[in-house]
There are 2 protein chains.
Amino acid sequence: MTRNIKLTIEYDGSNFAGWQIQAKGFRTVQDEITKVLRKIFKTKINLLGSGRTDSGVHALGQVAHFKTESTMPVDTIKRALNGNLPDEISILKAEEVPLKFHAQFSAKEKTYRYTILNRDGRCSLQRKFCLLYPYKLNLPLMRQEAKALVGRHDFKSFQAKDLSKKKFMRTVRTIKKLSIQKKGDYIYIDVTANGFLYKMVRNIVGTLLEIGCEKLPKGSIKKILSKKNRMYAGYTAKPWGLTLLEVKY
Amino acid sequence: MTRNIKLTIEYDGSNFAGWQIQAKGFRTVQDEITKVLRKIFKTKINLLGSGRTDSGVHALGQVAHFKTESTMPVDTIKRALNGNLPDEISILKAEEVPLKFHAQFSAKEKTYRYTILNRDGRCSLQRKFCLLYPYKLNLPLMRQEAKALVGRHDFKSFQAKDLSKKKFMRTVRTIKKLSIQKKGDYIYIDVTANGFLYKMVRNIVGTLLEIGCEKLPKGSIKKILSKKNRMYAGYTAKPWGLTLLEVKY
């Protein structure tokens, strides 16, 4: 009998070329887990994630699913995976789910966190998990501007350059929540949406940072959204500050 | 004219054999900084830290000092150091201080933080910065017991085994503050004292964990302190959960 297994996965993306299997020679999270699944079940397994994460991006709650004919208990699957995976990848949960569950297509919303260390002086301890930003930031202005991103919008201006030339691509998404919190020298930008375009969070964060250091004026976000053109938004914030926190179904 | 320069240093201790210079072939923080100072000032420099940290232990605020005849401004010293050090070591501050300042002997108190990830399931993202502890912990009991550690005591029972045989070693220290905080799945044990014996924090944490999982009964700390013998205390918690937060002068 076919069973559908859902995995919840944490990973340190620092030394991976992202989630998605690529050409040979690229080390990816999907590839590492797929290889171990093949070893455990002694057959080809097709592992599907909720979506890609870029090279260097981390996850505390990536979700993936695979189908199997095996009757192996889910706790055994979890233990077998953790026992064979590199310590940069941890399986937090393995659950049996209805056959119709699909990690990508069943997803209702995702939350990403972007972590900024806002201090003058470089960073050693958390250097792989945050962006060091040494300039003063106007947080009230950033929060005020960020409000214009919340809701249903065409985020074409915040999509990666290389994709925006493709016609007919649906670029409308709904950001349900966007918060900017400061704790000590750290600033956390959390974004929840029904889905994200390629590099959307990193382009939003790069733009908010340009607003925060007052390189871009008040009203910029509204203007950028209306242009539907990547060239109006700010730069793409570095991947190592980004973590996929949660996927909801 | 001789100047005395105080450095405040952050480091990721994961790939170091601790702070203190050791035999050849061991990579240490003190050695890395000393080599760069020698390169900058083109002369031998004697860098003295507030104290050792063990292999794998981190620092957000280690302090060290060195004397120099150079007139190089402190900001230039800081920049030159950061420009030449591996990214695991960051100089947060360089200040000129009175000649009598000594990083070790002038220290009034130090604060260490021990970070525990208390969840069932392994840890990838912060694996080098916390101890994974998968069992349920009785935090109220740990906090109650920890009170007996605060104050002026002979901490001989919490000193590393290999040192406790040396006679006449002063093992009396004063713990000024000890807090146990829970934030999500993380537990932070912060200890402030006028000084610490070798492995004292890690032995205290190991003992508190054995109390938390109720392997050691109520009243254990008082009993262990009174025995003045390392064999009565709990195990030595792993180094990677430990961070030197601050040294006060």
# chains A, B, ... in the order shown; residues from 1 in each chain; ligands from 1
call {"tool": "closest_atom_pairs", "arguments": {"of": "chain A", "to": "chain B", "cutoff": "6 Å", "atoms": "only C-alpha atoms", "output": "Markdown table"}}
result
| residue | atom | partner | partner_atom | distance |
| --- | --- | --- | --- | --- |
| A:Tyr11 | CA | B:Ser124 | CA | 5.6 |
| A:Asp12 | CA | B:Leu125 | CA | 4.8 |
| A:Asp87 | CA | B:Ser124 | CA | 5.9 |
| A:Glu88 | CA | B:Ser124 | CA | 4.8 |
| A:Ile89 | CA | B:Ser124 | CA | 5.7 |
| A:Ser90 | CA | B:Ser124 | CA | 5.8 |
| A:Leu92 | CA | B:Gly121 | CA | 5.6 |
| A:Gly121 | CA | B:Leu92 | CA | 5.7 |
| A:Arg122 | CA | B:Ser90 | CA | 5.9 |
| A:Ser124 | CA | B:Glu88 | CA | 4.8 |
| A:Leu125 | CA | B:Asp12 | CA | 4.8 |
call {"tool": "write_last_selection", "arguments": {"atoms": "N, CA and C atoms", "output": "mmCIF file, in the first residue's frame"}}
result
data_model
loop_
_atom_site.group_PDB
_atom_site.id
_atom_site.type_symbol
_atom_site.label_atom_id
_atom_site.label_comp_id
_atom_site.auth_asym_id
_atom_site.auth_seq_id
_atom_site.Cartn_x
_atom_site.Cartn_y
_atom_site.Cartn_z
ATOM 1 N N TYR A 11 17.801 22.972 8.252
ATOM 2 C CA TYR A 11 19.165 22.877 7.711
ATOM 3 C C TYR A 11 19.936 24.182 7.753
ATOM 4 N N ASP A 12 21.241 23.998 7.910
ATOM 5 C CA ASP A 12 22.211 25.087 7.831
ATOM 6 C C ASP A 12 22.637 25.135 6.368
ATOM 7 N N ASP A 87 25.477 16.516 9.596
ATOM 8 C CA ASP A 87 24.877 17.209 10.753
ATOM 9 C C ASP A 87 24.315 18.590 10.409
ATOM 10 N N GLU A 88 24.478 19.023 9.162
ATOM 11 C CA GLU A 88 23.863 20.288 8.732
ATOM 12 C C GLU A 88 22.377 20.138 8.421
ATOM 13 N N ILE A 89 21.904 18.890 8.328
ATOM 14 C CA ILE A 89 20.481 18.643 8.027
ATOM 15 C C ILE A 89 19.881 17.806 9.150
ATOM 16 N N SER A 90 18.761 18.275 9.720
ATOM 17 C CA SER A 90 18.070 17.508 10.754
ATOM 18 C C SER A 90 16.624 17.303 10.352
ATOM 19 N N LEU A 92 13.176 17.007 11.684
ATOM 20 C CA LEU A 92 12.525 17.310 12.953
ATOM 21 C C LEU A 92 11.286 16.458 13.153
ATOM 22 N N GLY A 121 30.950 47.157 13.309
ATOM 23 C CA GLY A 121 31.942 46.166 13.721
ATOM 24 C C GLY A 121 31.538 44.835 13.183
ATOM 25 N N ARG A 122 32.544 44.057 12.739
ATOM 26 C CA ARG A 122 32.124 42.855 12.071
ATOM 27 C C ARG A 122 31.652 41.784 13.042
ATOM 28 N N SER A 124 31.469 37.638 14.085
ATOM 29 C CA SER A 124 32.079 36.322 13.939
ATOM 30 C C SER A 124 31.117 35.197 14.311
ATOM 31 N N LEU A 125 30.453 35.353 15.454
ATOM 32 C CA LEU A 125 29.700 34.223 16.002
ATOM 33 C C LEU A 125 28.542 33.798 15.096
#
call {"tool": "closest_residue", "arguments": {"among": "B:Val29, B:Ile204, B:Met1, B:Ile116", "to": "B:Ser157", "atoms": "only C-alpha atoms"}}
result
B:Ile204
call {"tool": "residues_around", "arguments": {"residues": "B:Ala64", "least_positions_apart": "4", "cutoff": "12 Å", "atoms": "only C-alpha atoms", "output": "ChimeraX atom specification"}}
result
/B:4-10,19-20,29-30,33-34,46-52,91-97,101-107,246-247,249
call {"tool": "write_last_selection", "arguments": {"atoms": "N, CA and C atoms", "output": "mmCIF file, in the first residue's frame"}}
result
data_model
loop_
_atom_site.group_PDB
_atom_site.id
_atom_site.type_symbol
_atom_site.label_atom_id
_atom_site.label_comp_id
_atom_site.auth_asym_id
_atom_site.auth_seq_id
_atom_site.Cartn_x
_atom_site.Cartn_y
_atom_site.Cartn_z
ATOM 1 N N ASN B 4 49.085 51.466 26.351
ATOM 2 C CA ASN B 4 48.449 50.198 26.696
ATOM 3 C C ASN B 4 47.132 50.127 25.916
ATOM 4 N N ILE B 5 46.957 49.095 25.120
ATOM 5 C CA ILE B 5 45.756 48.996 24.269
ATOM 6 C C ILE B 5 44.895 47.822 24.734
ATOM 7 N N LYS B 6 43.622 48.140 24.965
ATOM 8 C CA LYS B 6 42.640 47.123 25.385
ATOM 9 C C LYS B 6 41.803 46.714 24.171
ATOM 10 N N LEU B 7 41.688 45.424 23.939
ATOM 11 C CA LEU B 7 40.849 44.914 22.832
ATOM 12 C C LEU B 7 39.642 44.173 23.385
ATOM 13 N N THR B 8 38.477 44.397 22.776
ATOM 14 C CA THR B 8 37.298 43.594 23.085
ATOM 15 C C THR B 8 37.046 42.714 21.863
ATOM 16 N N ILE B 9 36.929 41.411 22.112
ATOM 17 C CA ILE B 9 37.025 40.438 21.024
ATOM 18 C C ILE B 9 35.848 39.463 21.011
ATOM 19 N N GLU B 10 35.287 39.267 19.820
ATOM 20 C CA GLU B 10 34.256 38.237 19.622
ATOM 21 C C GLU B 10 34.899 37.100 18.842
ATOM 22 N N TRP B 19 41.528 29.748 23.678
ATOM 23 C CA TRP B 19 42.146 31.066 23.607
ATOM 24 C C TRP B 19 43.669 31.003 23.629
ATOM 25 N N GLN B 20 44.185 30.271 24.600
ATOM 26 C CA GLN B 20 45.599 30.359 24.980
ATOM 27 C C GLN B 20 46.571 29.691 23.997
ATOM 28 N N VAL B 29 43.135 31.364 19.468
ATOM 29 C CA VAL B 29 42.721 32.738 19.206
ATOM 30 C C VAL B 29 43.858 33.708 19.555
ATOM 31 N N GLN B 30 44.462 33.497 20.713
ATOM 32 C CA GLN B 30 45.559 34.370 21.146
ATOM 33 C C GLN B 30 46.693 34.363 20.110
ATOM 34 N N ILE B 33 45.691 36.369 16.848
ATOM 35 C CA ILE B 33 45.732 37.831 17.026
ATOM 36 C C ILE B 33 47.181 38.300 17.196
ATOM 37 N N THR B 34 47.974 37.543 17.954
ATOM 38 C CA THR B 34 49.378 37.904 18.171
ATOM 39 C C THR B 34 50.141 37.967 16.848
ATOM 40 N N ASN B 46 53.204 41.258 23.074
ATOM 41 C CA ASN B 46 52.760 40.315 24.082
ATOM 42 C C ASN B 46 51.291 40.592 24.409
ATOM 43 N N LEU B 47 50.404 39.749 23.927
ATOM 44 C CA LEU B 47 48.963 39.948 24.119
ATOM 45 C C LEU B 47 48.496 39.093 25.293
ATOM 46 N N LEU B 48 47.836 39.734 26.268
ATOM 47 C CA LEU B 48 47.376 38.996 27.454
ATOM 48 C C LEU B 48 45.861 39.061 27.570
ATOM 49 N N GLY B 49 45.226 37.919 27.678
ATOM 50 C CA GLY B 49 43.769 37.855 27.766
ATOM 51 C C GLY B 49 43.277 37.869 29.202
ATOM 52 N N SER B 50 41.940 38.043 29.351
ATOM 53 C CA SER B 50 41.345 38.055 30.697
ATOM 54 C C SER B 50 41.400 36.667 31.325
ATOM 55 N N GLY B 51 41.606 35.660 30.492
ATOM 56 C CA GLY B 51 41.647 34.277 30.971
ATOM 57 C C GLY B 51 41.458 33.356 29.787
ATOM 58 N N ARG B 52 41.709 32.073 30.019
ATOM 59 C CA ARG B 52 41.558 31.102 28.934
ATOM 60 C C ARG B 52 40.096 30.830 28.646
ATOM 61 N N ILE B 91 37.467 41.997 16.115
ATOM 62 C CA ILE B 91 37.825 42.972 17.138
ATOM 63 C C ILE B 91 36.682 43.981 17.198
ATOM 64 N N LEU B 92 35.956 44.000 18.333
ATOM 65 C CA LEU B 92 34.793 44.885 18.454
ATOM 66 C C LEU B 92 35.208 46.287 18.886
ATOM 67 N N LYS B 93 36.275 46.359 19.690
ATOM 68 C CA LYS B 93 36.739 47.657 20.195
ATOM 69 C C LYS B 93 38.236 47.623 20.397
ATOM 70 N N ALA B 94 38.902 48.746 20.126
ATOM 71 C CA ALA B 94 40.298 48.932 20.531
ATOM 72 C C ALA B 94 40.346 50.279 21.225
ATOM 73 N N GLU B 95 40.829 50.302 22.469
ATOM 74 C CA GLU B 95 40.844 51.538 23.265
ATOM 75 C C GLU B 95 42.196 51.705 23.936
ATOM 76 N N GLU B 96 42.619 52.953 24.114
ATOM 77 C CA GLU B 96 43.822 53.177 24.909
ATOM 78 C C GLU B 96 43.405 53.258 26.376
ATOM 79 N N VAL B 97 44.104 52.537 27.232
ATOM 80 C CA VAL B 97 43.757 52.497 28.661
ATOM 81 C C VAL B 97 45.011 52.826 29.486
ATOM 82 N N PHE B 101 46.372 49.077 33.580
ATOM 83 C CA PHE B 101 45.283 48.144 33.248
ATOM 84 C C PHE B 101 45.852 46.793 32.813
ATOM 85 N N HIS B 102 45.313 45.722 33.389
ATOM 86 C CA HIS B 102 45.734 44.361 33.047
ATOM 87 C C HIS B 102 44.473 43.526 32.798
ATOM 88 N N ALA B 103 44.374 42.947 31.604
ATOM 89 C CA ALA B 103 43.139 42.250 31.217
ATOM 90 C C ALA B 103 42.750 41.174 32.235
ATOM 91 N N GLN B 104 43.738 40.473 32.775
ATOM 92 C CA GLN B 104 43.409 39.431 33.751
ATOM 93 C C GLN B 104 43.289 39.976 35.177
ATOM 94 N N PHE B 105 44.312 40.684 35.654
ATOM 95 C CA PHE B 105 44.341 41.048 37.070
ATOM 96 C C PHE B 105 43.416 42.208 37.421
ATOM 97 N N SER B 106 43.060 43.050 36.435
ATOM 98 C CA SER B 106 42.151 44.156 36.743
ATOM 99 C C SER B 106 40.685 43.739 36.650
ATOM 100 N N ALA B 107 40.421 42.533 36.159
ATOM 101 C CA ALA B 107 39.021 42.106 35.956
ATOM 102 C C ALA B 107 38.280 42.021 37.284
ATOM 103 N N GLU B 246 30.958 38.720 28.781
ATOM 104 C CA GLU B 246 31.450 40.045 29.179
ATOM 105 C C GLU B 246 32.476 39.938 30.304
ATOM 106 N N VAL B 247 33.454 40.832 30.257
ATOM 107 C CA VAL B 247 34.392 40.983 31.379
ATOM 108 C C VAL B 247 34.255 42.421 31.858
ATOM 109 N N TYR B 249 35.465 45.614 34.429
ATOM 110 C CA TYR B 249 36.661 46.120 35.124
ATOM 111 C C TYR B 249 36.311 47.240 36.094
#
call {"tool": "select_by_dssp", "arguments": {"residues": "stretch 141-186 of chain A", "states": "strand (DSSP E or B)", "output": "short mmCIF file (atom, residue, chain, number, x, y, z; two decimals) with C-alpha atoms, in the first residue's frame"}}
result
data_model
loop_
_atom_site.label_atom_id
_atom_site.label_comp_id
_atom_site.auth_asym_id
_atom_site.auth_seq_id
_atom_site.Cartn_x
_atom_site.Cartn_y
_atom_site.Cartn_z
CA GLY A 151 -2.00 42.57 1.00
CA ARG A 152 -2.54 41.28 -2.53
CA HIS A 153 -0.16 42.92 -4.99
CA ASP A 154 1.71 42.31 -8.21
CA VAL A 172 0.58 38.37 -7.94
CA ARG A 173 1.04 37.23 -4.33
CA THR A 174 -0.53 38.07 -0.97
CA ILE A 175 1.68 39.12 1.93
CA LYS A 176 -0.36 38.36 5.03
CA LYS A 177 2.04 39.76 7.59
CA LEU A 178 5.31 41.67 7.66
CA SER A 179 6.95 42.62 10.96
CA ILE A 180 10.20 44.41 11.77
CA GLN A 181 11.40 43.74 15.31
CA LYS A 182 14.54 44.94 17.07
CA LYS A 183 16.13 42.88 19.87
CA TYR A 186 19.53 42.32 15.92
#
call {"tool": "atom_distance", "arguments": {"atom1": "atom CA of B:Pro217", "atom2": "atom CA of B:Cys130"}}
result
25.4 Å
call {"tool": "residues_around", "arguments": {"residues": "stretch 235-242 of chain B", "least_positions_apart": "5", "cutoff": "6 Å", "atoms": "only C-alpha atoms", "output": "VMD selection string"}}
result
chain B and resid 56 to 57 113 to 115 128 to 131 202 to 203 206
call {"tool": "select_by_dssp", "arguments": {"residues": "stretch 82-179 of chain B", "states": "alpha helix (DSSP H)", "output": "MDAnalysis selection string"}}
result
chainID B and resid 82:84 139:146
